[in-house]
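work_23.cif follows; it contains mmCIF, C-alpha atoms and all ligand atoms.
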data_entry
#
loop_
_atom_site.label_atom_id
_atom_site.label_comp_id
_atom_site.auth_asym_id
_atom_site.auth_seq_id
_atom_site.Cartn_x
_atom_site.Cartn_y
_atom_site.Cartn_z
CA MET M 1397 88.48 118.64 104.50
CA ALA M 1398 90.55 115.56 105.22
CA THR M 1399 92.67 115.68 108.36
CA ALA M 1400 95.59 113.28 108.45
CA GLY M 1401 97.07 114.31 111.80
CA PRO M 1402 97.31 117.35 114.05
CA GLN M 1403 100.05 118.98 112.01
CA ILE M 1404 98.66 118.11 108.61
CA GLU M 1405 95.53 119.45 106.94
CA ILE M 1406 94.96 118.84 103.30
CA GLU M 1407 92.03 120.27 101.42
CA VAL M 1408 91.05 118.58 98.19
CA ARG M 1409 89.46 120.83 95.60
CA LEU M 1410 89.53 118.72 92.51
CA ALA M 1411 86.84 119.64 90.04
CA ALA M 1412 84.43 116.74 89.65
CA ASP M 1413 84.30 117.65 85.98
CA GLY M 1414 88.02 117.17 85.29
CA GLY M 1415 87.19 114.70 82.53
CA GLU M 1416 84.84 117.15 80.90
CA ARG M 1417 87.46 119.88 81.01
CA MET M 1418 89.88 117.57 79.25
CA ARG M 1419 87.33 116.64 76.60
CA ASP M 1420 86.54 120.31 75.96
CA ASP M 1421 90.24 121.22 75.82
CA VAL M 1422 91.17 118.43 73.45
CA ARG M 1423 88.13 118.94 71.23
CA ALA M 1424 89.02 122.63 70.88
CA GLY M 1425 92.71 121.88 70.34
CA LEU M 1426 92.18 119.26 67.66
CA SER M 1427 89.64 121.48 65.86
CA ALA M 1428 91.95 124.52 65.91
CA GLU M 1429 94.08 125.58 62.98
CA PRO M 1430 96.92 124.83 63.62
CA LYS M 1431 96.15 121.96 66.01
CA GLU M 1432 97.38 122.22 69.56
CA LEU M 1433 97.32 120.23 72.82
CA ALA M 1434 97.90 121.62 76.32
CA PRO M 1435 101.17 120.54 77.99
CA LYS M 1436 99.41 119.61 81.23
CA TYR M 1437 98.25 116.41 79.54
CA PHE M 1438 101.84 115.13 79.33
CA TYR M 1439 101.85 114.33 83.01
CA ASP M 1440 100.21 111.02 83.71
CA GLU M 1441 102.36 108.61 85.73
CA ARG M 1442 104.49 107.63 82.76
CA GLY M 1443 104.81 111.24 81.62
CA SER M 1444 105.91 112.35 85.08
CA GLN M 1445 108.53 109.58 85.10
CA LEU M 1446 109.76 110.63 81.66
CA PHE M 1447 110.01 114.22 82.85
CA GLU M 1448 112.07 113.03 85.83
CA ARG M 1449 114.42 111.35 83.33
CA ILE M 1450 114.59 114.59 81.30
CA THR M 1451 115.79 116.47 84.37
CA GLU M 1452 118.76 114.08 84.58
CA LEU M 1453 119.81 114.40 80.92
CA PRO M 1454 123.15 116.09 80.23
CA GLU M 1455 121.48 118.46 77.73
CA TYR M 1456 118.68 119.55 80.07
CA TYR M 1457 120.33 122.14 82.31
CA PRO M 1458 117.33 124.01 83.93
CA THR M 1459 116.71 121.62 86.81
CA ARG M 1460 120.38 121.41 87.78
CA ALA M 1461 120.80 125.18 87.46
CA GLU M 1462 117.77 125.84 89.66
CA ARG M 1463 118.94 123.32 92.23
CA ALA M 1464 122.38 124.97 92.28
CA ILE M 1465 120.80 128.36 92.98
CA LEU M 1466 118.58 126.99 95.75
CA ASP M 1467 121.50 125.05 97.18
CA SER M 1468 123.82 128.03 97.44
CA ARG M 1469 121.47 130.98 97.91
CA SER M 1470 118.36 129.92 99.83
CA GLY M 1471 119.59 131.85 102.87
CA GLU M 1472 119.79 135.05 100.84
CA ILE M 1473 116.42 134.35 99.22
CA VAL M 1474 114.72 133.85 102.58
CA ALA M 1475 116.39 136.99 103.98
CA GLY M 1476 115.42 138.92 100.83
CA ALA M 1477 111.82 137.75 101.24
CA GLY M 1478 111.75 139.19 104.78
CA GLU M 1479 111.99 135.89 106.67
CA PRO M 1480 108.49 134.61 105.89
CA ARG M 1481 106.74 132.20 108.22
CA THR M 1482 104.91 130.38 105.47
CA LEU M 1483 106.20 128.75 102.32
CA VAL M 1484 103.49 128.23 99.71
CA GLU M 1485 104.65 126.08 96.81
CA LEU M 1486 102.70 125.89 93.57
CA GLY M 1487 103.22 122.52 91.88
CA SER M 1488 105.01 121.15 94.92
CA GLY M 1489 105.16 117.49 93.85
CA SER M 1490 107.64 115.62 96.01
CA ALA M 1491 109.06 118.93 97.29
CA ALA M 1492 112.58 117.83 96.34
CA LYS M 1493 113.85 121.38 95.84
CA THR M 1494 111.73 122.81 98.61
CA ARG M 1495 113.90 121.45 101.37
CA HIS M 1496 116.60 124.03 100.64
CA LEU M 1497 114.09 126.81 101.27
CA LEU M 1498 112.60 125.08 104.32
CA ASP M 1499 116.12 124.55 105.72
CA ALA M 1500 116.91 128.23 105.25
CA MET M 1501 113.64 129.26 106.91
CA ARG M 1502 114.29 126.90 109.82
CA ASP M 1503 117.84 128.22 110.20
CA ALA M 1504 116.52 131.79 110.18
CA GLY M 1505 114.01 130.74 112.86
CA CYS M 1506 110.98 131.90 110.86
CA LEU M 1507 109.59 128.57 109.59
CA ARG M 1508 106.03 127.79 110.76
CA THR M 1509 103.89 126.52 107.90
CA TYR M 1510 104.31 124.81 104.54
CA VAL M 1511 101.47 125.00 102.03
CA PRO M 1512 101.99 122.54 99.17
CA VAL M 1513 99.63 123.12 96.26
CA ASP M 1514 99.53 120.27 93.78
CA ILE M 1515 97.20 118.41 91.46
CA SER M 1516 98.12 115.01 92.96
CA ALA M 1517 96.47 114.14 96.29
CA GLU M 1518 98.68 111.09 96.75
CA ILE M 1519 101.99 112.92 96.37
CA THR M 1520 100.77 115.82 98.53
CA HIS M 1521 99.85 113.46 101.38
CA GLU M 1522 103.16 111.59 101.14
CA THR M 1523 105.17 114.80 101.03
CA ALA M 1524 103.27 116.24 104.00
CA GLU M 1525 103.94 113.13 106.08
CA SER M 1526 107.67 113.13 105.41
CA LEU M 1527 108.08 116.86 105.94
CA VAL M 1528 106.44 116.95 109.37
CA GLY M 1529 108.92 114.22 110.31
CA GLU M 1530 111.87 116.17 108.97
CA TYR M 1531 110.90 119.59 110.38
CA PRO M 1532 109.67 119.29 113.97
CA GLY M 1533 106.84 121.71 114.70
CA LEU M 1534 106.09 122.34 111.02
CA ALA M 1535 102.40 122.66 110.15
CA VAL M 1536 101.40 121.53 106.67
CA ARG M 1537 98.26 123.06 105.15
CA GLY M 1538 98.08 121.42 101.75
CA LEU M 1539 95.76 122.20 98.91
CA VAL M 1540 95.05 119.66 96.20
CA CYS M 1541 93.77 121.56 93.19
CA ASP M 1542 94.53 122.72 89.68
CA PHE M 1543 96.15 125.98 90.72
CA GLU M 1544 95.54 127.44 87.27
CA HIS M 1545 91.91 127.57 88.36
CA ASP M 1546 91.92 127.58 92.16
CA LEU M 1547 94.73 129.97 93.09
CA GLU M 1548 92.36 132.05 95.21
CA ARG M 1549 91.87 129.20 97.69
CA ILE M 1550 95.41 129.37 99.01
CA PRO M 1551 95.24 130.08 102.72
CA GLY M 1552 96.57 133.38 104.07
CA GLY M 1553 99.14 133.47 106.81
CA GLU M 1554 100.52 135.79 109.46
CA GLY M 1555 104.10 136.90 109.30
CA GLY M 1556 104.48 136.86 105.57
CA ARG M 1557 104.31 134.20 102.92
CA LEU M 1558 106.77 133.20 100.27
CA VAL M 1559 104.84 131.88 97.26
CA ALA M 1560 107.23 129.73 95.22
CA PHE M 1561 106.55 128.70 91.65
CA LEU M 1562 109.66 126.80 90.65
CA GLY M 1563 110.82 124.70 87.72
CA GLY M 1564 110.20 127.25 84.97
CA THR M 1565 106.62 126.05 84.46
CA ILE M 1566 105.46 129.64 83.92
CA GLY M 1567 107.25 129.28 80.57
CA ASN M 1568 104.40 127.04 79.42
CA LEU M 1569 101.96 129.97 79.47
CA TYR M 1570 101.28 132.24 76.51
CA PRO M 1571 101.88 135.95 77.25
CA GLU M 1572 98.19 136.69 77.91
CA ALA M 1573 97.75 133.72 80.25
CA ARG M 1574 101.03 134.56 81.96
CA HIS M 1575 99.87 138.13 82.49
CA GLU M 1576 96.60 136.92 83.96
CA PHE M 1577 98.43 134.46 86.19
CA LEU M 1578 100.84 137.11 87.50
CA CYS M 1579 97.94 139.50 88.11
CA ARG M 1580 96.16 136.86 90.17
CA ILE M 1581 99.34 136.18 92.14
CA ALA M 1582 99.69 139.93 92.70
CA GLY M 1583 96.12 140.02 93.98
CA LEU M 1584 96.92 137.21 96.38
CA LEU M 1585 100.00 138.80 97.90
CA GLY M 1586 99.75 140.97 100.98
CA SER M 1587 102.34 143.70 101.53
CA GLU M 1588 104.62 141.29 103.43
CA ASP M 1589 104.31 138.45 100.94
CA ARG M 1590 106.72 137.69 98.11
CA LEU M 1591 106.65 135.61 94.95
CA LEU M 1592 109.66 133.41 94.15
CA LEU M 1593 109.59 132.52 90.47
CA GLY M 1594 111.83 130.14 88.50
CA THR M 1595 112.48 131.10 84.88
CA ASP M 1596 114.75 129.74 82.20
CA LEU M 1597 116.81 132.43 80.46
CA VAL M 1598 117.48 133.26 76.80
CA LYS M 1599 120.66 131.66 75.47
CA GLU M 1600 122.15 130.28 72.26
CA THR M 1601 119.68 128.45 70.06
CA ALA M 1602 121.84 125.32 69.83
CA ARG M 1603 121.84 124.78 73.60
CA LEU M 1604 118.13 125.43 73.87
CA GLU M 1605 117.24 123.08 71.05
CA ALA M 1606 119.52 120.35 72.43
CA ALA M 1607 117.83 120.68 75.83
CA TYR M 1608 114.48 119.88 74.19
CA ASP M 1609 115.70 117.28 71.69
CA ASP M 1610 118.15 115.11 73.59
CA SER M 1611 120.31 112.46 71.96
CA LEU M 1612 118.66 109.62 73.93
CA GLY M 1613 115.23 110.60 72.67
CA VAL M 1614 113.68 110.90 76.14
CA THR M 1615 112.08 114.25 75.31
CA ALA M 1616 110.65 112.77 72.11
CA LYS M 1617 109.06 109.98 74.18
CA PHE M 1618 107.78 112.53 76.68
CA ASN M 1619 106.24 114.57 73.88
CA LYS M 1620 104.58 111.55 72.25
CA ASN M 1621 103.29 110.41 75.64
CA VAL M 1622 100.47 112.94 75.29
CA LEU M 1623 99.15 110.80 72.43
CA ARG M 1624 99.16 107.76 74.70
CA VAL M 1625 97.22 109.77 77.28
CA LEU M 1626 94.60 110.66 74.67
CA ASN M 1627 94.43 107.04 73.51
CA ARG M 1628 93.74 105.86 77.06
CA GLU M 1629 91.60 108.72 78.39
CA LEU M 1630 89.58 109.54 75.29
CA GLY M 1631 89.65 106.29 73.33
CA ALA M 1632 91.79 107.79 70.56
CA ASP M 1633 93.77 105.63 68.15
CA PHE M 1634 96.99 107.62 67.67
CA ASP M 1635 99.90 105.54 66.36
CA LEU M 1636 102.93 107.00 68.16
CA ASP M 1637 105.25 105.84 65.39
CA ALA M 1638 103.33 107.92 62.87
CA PHE M 1639 104.48 111.17 64.52
CA GLU M 1640 107.88 112.70 65.13
CA HIS M 1641 109.15 115.04 67.81
CA VAL M 1642 109.98 118.62 66.72
CA ALA M 1643 111.65 121.17 69.02
CA ARG M 1644 112.56 124.58 67.56
CA TYR M 1645 113.61 127.80 69.21
CA ASP M 1646 111.52 130.77 68.09
CA ALA M 1647 113.94 133.64 68.76
CA GLU M 1648 111.36 136.31 67.98
CA GLN M 1649 108.93 135.03 70.62
CA ALA M 1650 111.81 133.90 72.86
CA ARG M 1651 110.35 130.45 73.35
CA MET M 1652 110.87 126.84 72.54
CA ASP M 1653 108.12 125.64 70.25
CA ILE M 1654 107.48 121.92 70.68
CA ARG M 1655 105.37 119.95 68.27
CA LEU M 1656 104.43 116.55 66.92
CA ARG M 1657 104.68 116.21 63.15
CA SER M 1658 102.49 113.74 61.33
CA LEU M 1659 104.70 111.54 59.14
CA ALA M 1660 101.85 110.70 56.77
CA ALA M 1661 98.34 111.72 55.85
CA GLN M 1662 96.17 109.98 58.43
CA THR M 1663 92.79 110.12 60.14
CA ILE M 1664 92.58 109.71 63.90
CA ARG M 1665 89.42 108.60 65.63
CA VAL M 1666 88.72 110.02 69.10
CA GLU M 1667 85.90 107.89 70.45
CA ALA M 1668 85.04 109.93 73.58
CA LEU M 1669 84.66 113.04 71.43
CA ALA M 1670 82.79 111.23 68.63
CA MET M 1671 85.32 112.93 66.40
CA SER M 1672 87.59 112.07 63.49
CA VAL M 1673 90.61 114.25 62.91
CA ASP M 1674 92.58 114.49 59.67
CA PHE M 1675 96.32 115.12 59.67
CA ALA M 1676 98.10 116.01 56.43
CA ALA M 1677 101.55 114.54 55.77
CA GLY M 1678 104.02 116.84 57.52
CA GLU M 1679 101.33 118.65 59.51
CA GLU M 1680 102.56 119.85 62.90
CA MET M 1681 100.53 120.00 66.10
CA ARG M 1682 101.94 122.14 68.93
CA THR M 1683 102.11 120.40 72.29
CA GLU M 1684 104.08 122.93 74.35
CA ILE M 1685 105.79 126.28 74.42
CA SER M 1686 108.59 126.95 76.89
CA SER M 1687 109.31 130.66 77.17
CA LYS M 1688 112.79 131.99 77.89
CA PHE M 1689 113.31 135.27 79.72
CA THR M 1690 115.75 138.09 80.22
CA ARG M 1691 115.88 140.08 83.43
CA ARG M 1692 114.45 143.13 81.66
CA ARG M 1693 111.57 141.26 80.10
CA LEU M 1694 110.67 139.68 83.39
CA GLU M 1695 110.80 143.05 85.16
CA LEU M 1696 108.42 144.33 82.52
CA ALA M 1697 106.05 141.38 82.91
CA TYR M 1698 106.06 141.92 86.68
CA ALA M 1699 105.40 145.66 86.31
CA GLU M 1700 102.47 145.01 83.98
CA ALA M 1701 100.95 142.80 86.68
CA GLY M 1702 101.50 145.22 89.57
CA LEU M 1703 104.61 143.47 90.85
CA GLU M 1704 108.14 144.71 91.34
CA MET M 1705 111.23 142.55 91.14
CA SER M 1706 112.97 142.65 94.50
CA GLY M 1707 115.60 139.96 94.05
CA TRP M 1708 117.46 138.21 91.22
CA PHE M 1709 119.49 135.04 91.66
CA THR M 1710 121.16 133.13 88.82
CA ASP M 1711 123.50 130.17 88.57
CA PRO M 1712 127.15 131.06 87.78
CA ALA M 1713 126.65 130.40 84.04
CA GLY M 1714 123.60 132.70 83.94
CA ASP M 1715 121.44 129.97 82.44
CA TYR M 1716 118.50 130.19 84.83
CA ALA M 1717 117.03 132.65 87.33
CA LEU M 1718 115.06 132.70 90.52
CA SER M 1719 113.52 136.09 91.13
CA LEU M 1720 111.65 137.60 94.03
CA ALA M 1721 108.74 139.91 93.38
CA ALA M 1722 106.69 142.10 95.70
CA PRO M 1723 103.31 143.76 95.21
CA TYR M 1724 103.84 147.40 94.20
CA SER M 1725 101.96 148.79 97.18
CA SER M 1726 104.58 147.35 99.55
CA GLN M 1727 107.49 149.28 98.05
C1 LIG V 1801 108.34 121.50 83.28
C2 LIG V 1801 107.53 123.16 81.76
C3 LIG V 1801 109.55 123.54 82.98
O1 LIG V 1801 109.55 123.72 79.72
O2 LIG V 1801 111.49 122.96 80.28
C4 LIG V 1801 110.98 119.72 79.42
C5 LIG V 1801 108.87 120.85 80.42
N1 LIG V 1801 109.27 119.90 78.13
N2 LIG V 1801 111.28 119.18 78.22
C6 LIG V 1801 110.27 122.92 80.33
C7 LIG V 1801 109.70 120.18 79.35
C8 LIG V 1801 110.24 119.28 77.45
C9 LIG V 1801 109.60 121.86 81.23
N3 LIG V 1801 108.75 122.50 82.29
#
I need this file expressed as structure tokens, please.
Amino acid sequence: MATAGPQIEIEVRLAADGGERMRDDVRAGLSAEPKELAPKYFYDERGSQLFERITELPEYYPTRAERAILDSRSGEIVAGAGEPRTLVELGSGSAAKTRHLLDAMRDAGCLRTYVPVDISAEITHETAESLVGEYPGLAVRGLVCDFEHDLERIPGGEGGRLVAFLGGTIGNLYPEARHEFLCRIAGLLGSEDRLLLGTDLVKETARLEAAYDDSLGVTAKFNKNVLRVLNRELGADFDLDAFEHVARYDAEQARMDIRLRSLAAQTIRVEALAMSVDFAAGEEMRTEISSKFTRRRLELAYAEAGLEMSGWFTDPAGDYALSLAAPYSSQ
């Protein structure tokens, strides 16, 4: 436990074997048929910067839509969540969007504690420092961990918690993993606690595909960045110019399917895995899925996990939704 001041406590729970996890993941993904890499490996410093640029692209509407909802409806969300004292945020980062919720909680007089949960210790410390300055009396109880694995370590709180998972990141999970994740969230929530979940919504294929294949090519760079990460972290020798970005909407699965296509037959050496990997010309390797929801499908996913939707907030265009969910027992 590292204490950085009376109002700030940040617990670091980073697995010492993070490198081993990555090696196991990548070995399995490159051996699979078809090949696949996990989207979490996009986000080194450069990848995070590229994602920031994506959120500013004209074609990429989700971030703006979510911000618009938080901007105009945080008061209603906080009231709908029963005026919680604690805001837990999964994947908090710089907490840019969080301030709308914190403002609404302060204005309602319920704000006591903010619990940022993020993989980056540096960003979590910085965010904690600035927030205690901005919200007098706020206690920050941060948790630095991979919340996919360490969800259960999130501290409890009196007076209700609002557990926010924003940005639409749940869309990266396959249905089984999503179900498991929602079940674990459900297990975490007491009867007064609520989940606030950001989800992108189903819409015309052309808009979805444009959002993931922008005209400036930023998303293509972001996608290929995972190859750079593997080159640096695992001593691989991917040539980024030998792959192209592919982003297709799979209407049946209601998800964007994002891949890298090998432009030629080639063999890649991955030194840290003592592995050589063959790619055929035109072979595609999936790097991400981004699931799109409807209200009904989300209600169903909640129900299957023991949760009940208790609030639904969209932007005026109906592109994106924030929903509140409660554990069944509390209804
Ligand atoms: C951060 C997972 C929400 O799926 O829209 C954006 C990531 N990938 N463009 C998304 C992403 C390509 C983004 N999430």
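Interatomic distance, atom CA of Ala1434 of chain M to atom CA of Thr1523 of chain M: 26.6 Å.
Atom pair atom O2 of ligand LIG 1801 (chain V) / atom CA of Tyr1456 of chain M: separated by 8.0 Å.
In this comparison, which uses only C-alpha atoms and all ligand atoms, the residue of M:Gly1552, M:Gly1529, M:Gly1714, M:Pro1435 approaching ligand LIG 1801 (chain V) most closely is M:Pro1435.
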Name the residues, by chain letter and number, that sit within 8 Å of ligand LIG 1801 (chain V) using only C-alpha atoms and all ligand atoms, and give them as an mmCIF file with C-alpha atoms, keeping the file's coordinate frame.
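The resulting file, out13.cif, is reproduced below:
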data_model
loop_
_atom_site.group_PDB
_atom_site.id
_atom_site.type_symbol
_atom_site.label_atom_id
_atom_site.label_comp_id
_atom_site.auth_asym_id
_atom_site.auth_seq_id
_atom_site.Cartn_x
_atom_site.Cartn_y
_atom_site.Cartn_z
ATOM 1 C CA PRO M 1435 101.170 120.540 77.990
ATOM 2 C CA PHE M 1447 110.010 114.220 82.850
ATOM 3 C CA ILE M 1450 114.590 114.590 81.300
ATOM 4 C CA THR M 1451 115.790 116.470 84.370
ATOM 5 C CA TYR M 1456 118.680 119.550 80.070
ATOM 6 C CA PRO M 1458 117.330 124.010 83.930
ATOM 7 C CA GLY M 1563 110.820 124.700 87.720
ATOM 8 C CA GLY M 1564 110.200 127.250 84.970
ATOM 9 C CA THR M 1565 106.620 126.050 84.460
ATOM 10 C CA ILE M 1566 105.460 129.640 83.920
ATOM 11 C CA GLY M 1567 107.250 129.280 80.570
ATOM 12 C CA ASN M 1568 104.400 127.040 79.420
ATOM 13 C CA ASP M 1596 114.750 129.740 82.200
ATOM 14 C CA ALA M 1607 117.830 120.680 75.830
ATOM 15 C CA TYR M 1608 114.480 119.880 74.190
ATOM 16 C CA THR M 1615 112.080 114.250 75.310
ATOM 17 C CA PHE M 1618 107.780 112.530 76.680
ATOM 18 C CA ASN M 1619 106.240 114.570 73.880
ATOM 19 C CA MET M 1652 110.870 126.840 72.540
ATOM 20 C CA ILE M 1654 107.480 121.920 70.680
ATOM 21 C CA GLU M 1684 104.080 122.930 74.350
ATOM 22 C CA ILE M 1685 105.790 126.280 74.420
ATOM 23 C CA SER M 1686 108.590 126.950 76.890
ATOM 24 C CA SER M 1687 109.310 130.660 77.170
#
M:Arg1469, M:Arg1651, M:His1641, M:Arg1508 ranked by distance to Thr1482 of chain M, top pick (using all atoms listed in the file): M:Arg1508
Selection: 10 Å around Glu1432 of chain M, all atoms listed in the file, excl. self and same-chain fewer than 6 positions, as a ChimeraX atom specification: /M:1421-1426,1655-1656,1680-1684
Distance query Leu1630 of chain M at most 7 Å, all atoms listed in the file, self and fewer than 5 positions along chain excluded, as number ranges by chain: M: 1666-1668
Interatomic distance (Å, one decimal) between atom CA of Val1559 of chain M and atom CA of Val1513 of chain M: 10.2 Å
Nearest to Ser1516 of chain M, chosen from M:Arg1495, M:Arg1624, M:Arg1574, M:Arg1409, with only C-alpha atoms counted in the distances: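 Nearest candidate to Ser1516 of chain M out of M:Arg1495, M:Arg1624, M:Arg1574, M:Arg1409: M:Arg1409.
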Might you pull out every residue within 12 Å of Asp1503 of chain M, with only C-alpha atoms counted and same-chain residues fewer than 2 positions away left off, and present them as a short mmCIF file (atom, residue, chain, number, x, y, z; two decimals) with C-alpha atoms, in the coordinates of the input?
data_model
loop_
_atom_site.label_atom_id
_atom_site.label_comp_id
_atom_site.auth_asym_id
_atom_site.auth_seq_id
_atom_site.Cartn_x
_atom_site.Cartn_y
_atom_site.Cartn_z
CA SER M 1470 118.36 129.92 99.83
CA GLY M 1471 119.59 131.85 102.87
CA GLU M 1472 119.79 135.05 100.84
CA VAL M 1474 114.72 133.85 102.58
CA ALA M 1475 116.39 136.99 103.98
CA GLU M 1479 111.99 135.89 106.67
CA ARG M 1481 106.74 132.20 108.22
CA ARG M 1495 113.90 121.45 101.37
CA HIS M 1496 116.60 124.03 100.64
CA LEU M 1497 114.09 126.81 101.27
CA LEU M 1498 112.60 125.08 104.32
CA ASP M 1499 116.12 124.55 105.72
CA ALA M 1500 116.91 128.23 105.25
CA MET M 1501 113.64 129.26 106.91
CA GLY M 1505 114.01 130.74 112.86
CA CYS M 1506 110.98 131.90 110.86
CA LEU M 1507 109.59 128.57 109.59
CA ARG M 1508 106.03 127.79 110.76
CA TYR M 1531 110.90 119.59 110.38
#
10 Å contact set for Pro1532 of chain M, all atoms listed in the file, chain neighbours under 2 positions out, as a PyMOL selection string: chain M and resi 1403+1502+1508+1527-1530+1534-1535
Proximity to Gly1415 of chain M - best of M:Leu1578, M:Leu1626, M:Val1642, M:Ala1677, all atoms listed in the file: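 For Gly1415 of chain M, the nearest of the candidates is M:Leu1626.
Contact shell of Glu1588 of chain M at 7 Å (all atoms listed in the file; same-chain neighbours under 2 positions omitted): Gly1556, Gly1586 and Arg1590 of chain M.
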Counting only C-alpha atoms, the residue of M:Arg1419, M:Ile1581, M:Glu1407, M:Ala1428 that sits nearest Leu1486 of chain M: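 Comparing M:Arg1419, M:Ile1581, M:Glu1407, M:Ala1428 against Leu1486 of chain M, the winner is M:Ile1581.
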Would you mind exporting segment 1466-1482 of chain M with N, CA and C atoms, as a compact mmCIF listing (two decimals), in the first residue's frame?
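Written out: out_35.txt:
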# COMPACT_ATOMS: atom_id res chain seq x y z
N LEU M 1466 -23.19 12.37 -20.72
CA LEU M 1466 -22.71 12.70 -19.37
C LEU M 1466 -22.88 14.18 -19.08
N ASP M 1467 -22.64 14.99 -20.11
CA ASP M 1467 -22.72 16.44 -19.95
C ASP M 1467 -24.14 16.87 -19.60
N SER M 1468 -25.12 16.27 -20.27
CA SER M 1468 -26.49 16.77 -20.09
C SER M 1468 -27.29 15.97 -19.05
N ARG M 1469 -26.85 14.75 -18.71
CA ARG M 1469 -27.74 13.91 -17.91
C ARG M 1469 -27.11 13.31 -16.65
N SER M 1470 -25.94 13.79 -16.27
CA SER M 1470 -25.29 13.23 -15.09
C SER M 1470 -26.14 13.39 -13.83
N GLY M 1471 -26.87 14.51 -13.75
CA GLY M 1471 -27.74 14.72 -12.59
C GLY M 1471 -28.78 13.63 -12.49
N GLU M 1472 -29.41 13.33 -13.63
CA GLU M 1472 -30.43 12.26 -13.66
C GLU M 1472 -29.81 10.89 -13.36
N ILE M 1473 -28.60 10.69 -13.88
CA ILE M 1473 -27.94 9.39 -13.66
C ILE M 1473 -27.65 9.20 -12.17
N VAL M 1474 -27.12 10.25 -11.55
CA VAL M 1474 -26.79 10.16 -10.12
C VAL M 1474 -28.06 9.99 -9.29
N ALA M 1475 -29.13 10.71 -9.66
CA ALA M 1475 -30.41 10.54 -8.95
C ALA M 1475 -30.93 9.12 -9.16
N GLY M 1476 -30.85 8.64 -10.40
CA GLY M 1476 -31.34 7.29 -10.74
C GLY M 1476 -30.55 6.21 -10.02
N ALA M 1477 -29.29 6.51 -9.71
CA ALA M 1477 -28.44 5.53 -9.01
C ALA M 1477 -28.63 5.63 -7.50
N GLY M 1478 -29.53 6.51 -7.03
CA GLY M 1478 -29.81 6.61 -5.60
C GLY M 1478 -28.81 7.46 -4.84
N GLU M 1479 -28.23 8.45 -5.51
CA GLU M 1479 -27.27 9.36 -4.88
C GLU M 1479 -26.17 8.61 -4.12
N PRO M 1480 -25.36 7.88 -4.85
CA PRO M 1480 -24.27 7.10 -4.24
C PRO M 1480 -23.20 8.00 -3.64
N ARG M 1481 -22.53 7.49 -2.64
CA ARG M 1481 -21.43 8.24 -2.01
C ARG M 1481 -20.10 7.97 -2.69
N THR M 1482 -20.03 6.82 -3.36
CA THR M 1482 -18.76 6.41 -3.95
C THR M 1482 -18.92 6.20 -5.44
